[in-house]
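Before any comments, here is the structure.
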Amino acid sequence: VDNFYKVGFTHTGLWAYMRHPNYTAEQSVWIVFYLFSIVATDIWLNWSIAGALLLVLLFKGSSDFSEEETSKKYPLYKKYLKEVGRFLPIKKKFKTNN
């Protein structure tokens, strides 16, 4: 098996810059949907905030769980957690030493 696969988790492409780019994209859609509803109605607190908030909470909990399980399985994942932002590319690009 190639060294790329021995790492055991996705760590290239967008995943080299943030741990959950798919979650970030989904949350962004709902947050923008909420922001559009504010512009359209001039009401800051409306029903569409529910979808945005629930997804943020869902993905926060889901990522906590999956990261804990993955850390147990793959030792290099702990390094990945320290070096790469969860939902935003706020740290540095992840590189394995292979």
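Going through the structure tokens in order, the chains are called A, B, and so on, while each chain numbers its residues from 1 and the ligands are numbered from 1 in the order shown.
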With 12 Å as the cut-off and only C-alpha atoms counted, what is the closest atom pair between each nearby residue of range 9-55 of chain A and range 62-67 of chain A? Distances in Å to one decimal, ordered by chain and number, as JSON lines.
{"residue": "A:Phe9", "atom": "CA", "partner": "A:Glu67", "partner_atom": "CA", "distance": 10.7}
{"residue": "A:Arg19", "atom": "CA", "partner": "A:Ser63", "partner_atom": "CA", "distance": 9.0}
{"residue": "A:His20", "atom": "CA", "partner": "A:Ser63", "partner_atom": "CA", "distance": 7.8}
{"residue": "A:Pro21", "atom": "CA", "partner": "A:Ser63", "partner_atom": "CA", "distance": 11.3}
{"residue": "A:Asn22", "atom": "CA", "partner": "A:Ser63", "partner_atom": "CA", "distance": 11.2}
{"residue": "A:Tyr23", "atom": "CA", "partner": "A:Ser63", "partner_atom": "CA", "distance": 8.8}
{"residue": "A:Thr24", "atom": "CA", "partner": "A:Ser63", "partner_atom": "CA", "distance": 11.1}
{"residue": "A:Leu54", "atom": "CA", "partner": "A:Ser62", "partner_atom": "CA", "distance": 12.0}
{"residue": "A:Leu55", "atom": "CA", "partner": "A:Ser62", "partner_atom": "CA", "distance": 10.1}
Write the selection just made, keeping C-alpha atoms, as an mmCIF file, in the first residue's frame?
data_model
loop_
_atom_site.group_PDB
_atom_site.id
_atom_site.type_symbol
_atom_site.label_atom_id
_atom_site.label_comp_id
_atom_site.auth_asym_id
_atom_site.auth_seq_id
_atom_site.Cartn_x
_atom_site.Cartn_y
_atom_site.Cartn_z
ATOM 1 C CA PHE A 9 -7.361 9.617 6.893
ATOM 2 C CA ARG A 19 -10.271 19.299 8.783
ATOM 3 C CA HIS A 20 -13.910 19.509 7.697
ATOM 4 C CA PRO A 21 -14.278 21.529 4.473
ATOM 5 C CA ASN A 22 -17.479 19.665 3.634
ATOM 6 C CA TYR A 23 -19.040 20.738 6.946
ATOM 7 C CA THR A 24 -17.842 24.303 6.368
ATOM 8 C CA LEU A 54 -28.957 23.650 14.367
ATOM 9 C CA LEU A 55 -26.446 22.749 11.669
#
- Item | Spatial neighbours of Gly51 in chain A, 12 Å, only C-alpha atoms, chain gap at least 4 places, as a PyMOL selection string | chain A and resi 26-35+46-47+55-58
Once you have the residues from the selection above, write them out as a compact mmCIF listing (two decimals), in the first residue's frame, restricted to N, CA and C atoms.
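part.txt, freshly written:
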# COMPACT_ATOMS: atom_id res chain seq x y z
N GLU A 26 -21.41 23.25 3.94
CA GLU A 26 -22.83 23.08 4.30
C GLU A 26 -23.29 24.16 5.27
N GLN A 27 -22.49 24.44 6.28
CA GLN A 27 -22.85 25.48 7.24
C GLN A 27 -22.92 26.85 6.56
N SER A 28 -22.01 27.10 5.65
CA SER A 28 -21.99 28.38 4.94
C SER A 28 -23.26 28.61 4.14
N VAL A 29 -23.76 27.57 3.50
CA VAL A 29 -25.00 27.68 2.73
C VAL A 29 -26.14 28.14 3.64
N TRP A 30 -26.26 27.52 4.80
CA TRP A 30 -27.36 27.86 5.70
C TRP A 30 -27.17 29.22 6.36
N ILE A 31 -25.95 29.59 6.66
CA ILE A 31 -25.69 30.91 7.24
C ILE A 31 -25.99 32.00 6.22
N VAL A 32 -25.60 31.79 4.97
CA VAL A 32 -25.90 32.76 3.91
C VAL A 32 -27.41 32.82 3.67
N PHE A 33 -28.07 31.69 3.71
CA PHE A 33 -29.53 31.67 3.59
C PHE A 33 -30.17 32.55 4.67
N TYR A 34 -29.69 32.42 5.89
CA TYR A 34 -30.18 33.26 6.99
C TYR A 34 -29.88 34.73 6.72
N LEU A 35 -28.66 35.05 6.28
CA LEU A 35 -28.31 36.45 6.00
C LEU A 35 -29.16 37.03 4.88
N ASN A 46 -35.41 35.70 12.72
CA ASN A 46 -36.51 35.08 12.00
C ASN A 46 -36.31 33.57 11.97
N TRP A 47 -37.27 32.86 11.41
CA TRP A 47 -37.28 31.40 11.47
C TRP A 47 -36.06 30.75 10.82
N LEU A 55 -27.54 23.39 12.41
CA LEU A 55 -26.45 22.75 11.67
C LEU A 55 -25.09 23.04 12.29
N VAL A 56 -24.89 24.25 12.78
CA VAL A 56 -23.63 24.56 13.46
C VAL A 56 -23.45 23.64 14.66
N LEU A 57 -24.51 23.49 15.46
CA LEU A 57 -24.44 22.61 16.63
C LEU A 57 -24.25 21.14 16.23
N LEU A 58 -24.97 20.72 15.21
CA LEU A 58 -24.86 19.34 14.74
C LEU A 58 -23.44 19.02 14.27
- Message: When DSSP is applied to the backbone of this structure, which of chain A are assigned helix (DSSP H, G or I)? Write them out as a VMD selection string.
- Response: chain A and resid 3 to 6 13 to 16 21 to 41 49 to 73 76 to 83
- Show which residues sit within 9 Å of Ala16 in chain A, as a PyMOL selection string. Count only C-alpha atoms, and ignore same-chain residues fewer than 5 positions away. chain A and resi 10-11+80+84+89+92-95
Using N, CA and C atoms, can you export the residues from the last selection as an mmCIF file, in the first residue's frame?
data_model
loop_
_atom_site.group_PDB
_atom_site.id
_atom_site.type_symbol
_atom_site.label_atom_id
_atom_site.label_comp_id
_atom_site.auth_asym_id
_atom_site.auth_seq_id
_atom_site.Cartn_x
_atom_site.Cartn_y
_atom_site.Cartn_z
ATOM 1 N N THR A 10 -8.090 11.266 5.289
ATOM 2 C CA THR A 10 -7.918 12.235 4.216
ATOM 3 C C THR A 10 -7.132 13.432 4.734
ATOM 4 N N HIS A 11 -6.054 13.784 4.036
ATOM 5 C CA HIS A 11 -5.204 14.882 4.494
ATOM 6 C C HIS A 11 -4.625 15.696 3.339
ATOM 7 N N TYR A 80 -2.229 16.189 13.106
ATOM 8 C CA TYR A 80 -3.155 16.844 12.178
ATOM 9 C C TYR A 80 -4.084 17.804 12.926
ATOM 10 N N VAL A 84 -3.984 21.823 11.779
ATOM 11 C CA VAL A 84 -4.991 22.215 10.795
ATOM 12 C C VAL A 84 -6.263 22.673 11.508
ATOM 13 N N PRO A 89 -9.422 27.621 7.507
ATOM 14 C CA PRO A 89 -7.984 27.408 7.290
ATOM 15 C C PRO A 89 -7.144 28.409 8.077
ATOM 16 N N LYS A 92 -1.704 26.107 9.545
ATOM 17 C CA LYS A 92 -0.872 25.899 8.364
ATOM 18 C C LYS A 92 -1.276 24.638 7.620
ATOM 19 N N LYS A 93 -0.779 24.502 6.412
ATOM 20 C CA LYS A 93 -1.070 23.321 5.604
ATOM 21 C C LYS A 93 -0.418 22.092 6.233
ATOM 22 N N PHE A 94 -1.174 21.008 6.331
ATOM 23 C CA PHE A 94 -0.687 19.762 6.924
ATOM 24 C C PHE A 94 0.228 19.037 5.955
ATOM 25 N N LYS A 95 1.340 18.562 6.472
ATOM 26 C CA LYS A 95 2.275 17.767 5.670
ATOM 27 C C LYS A 95 2.721 16.566 6.489
#
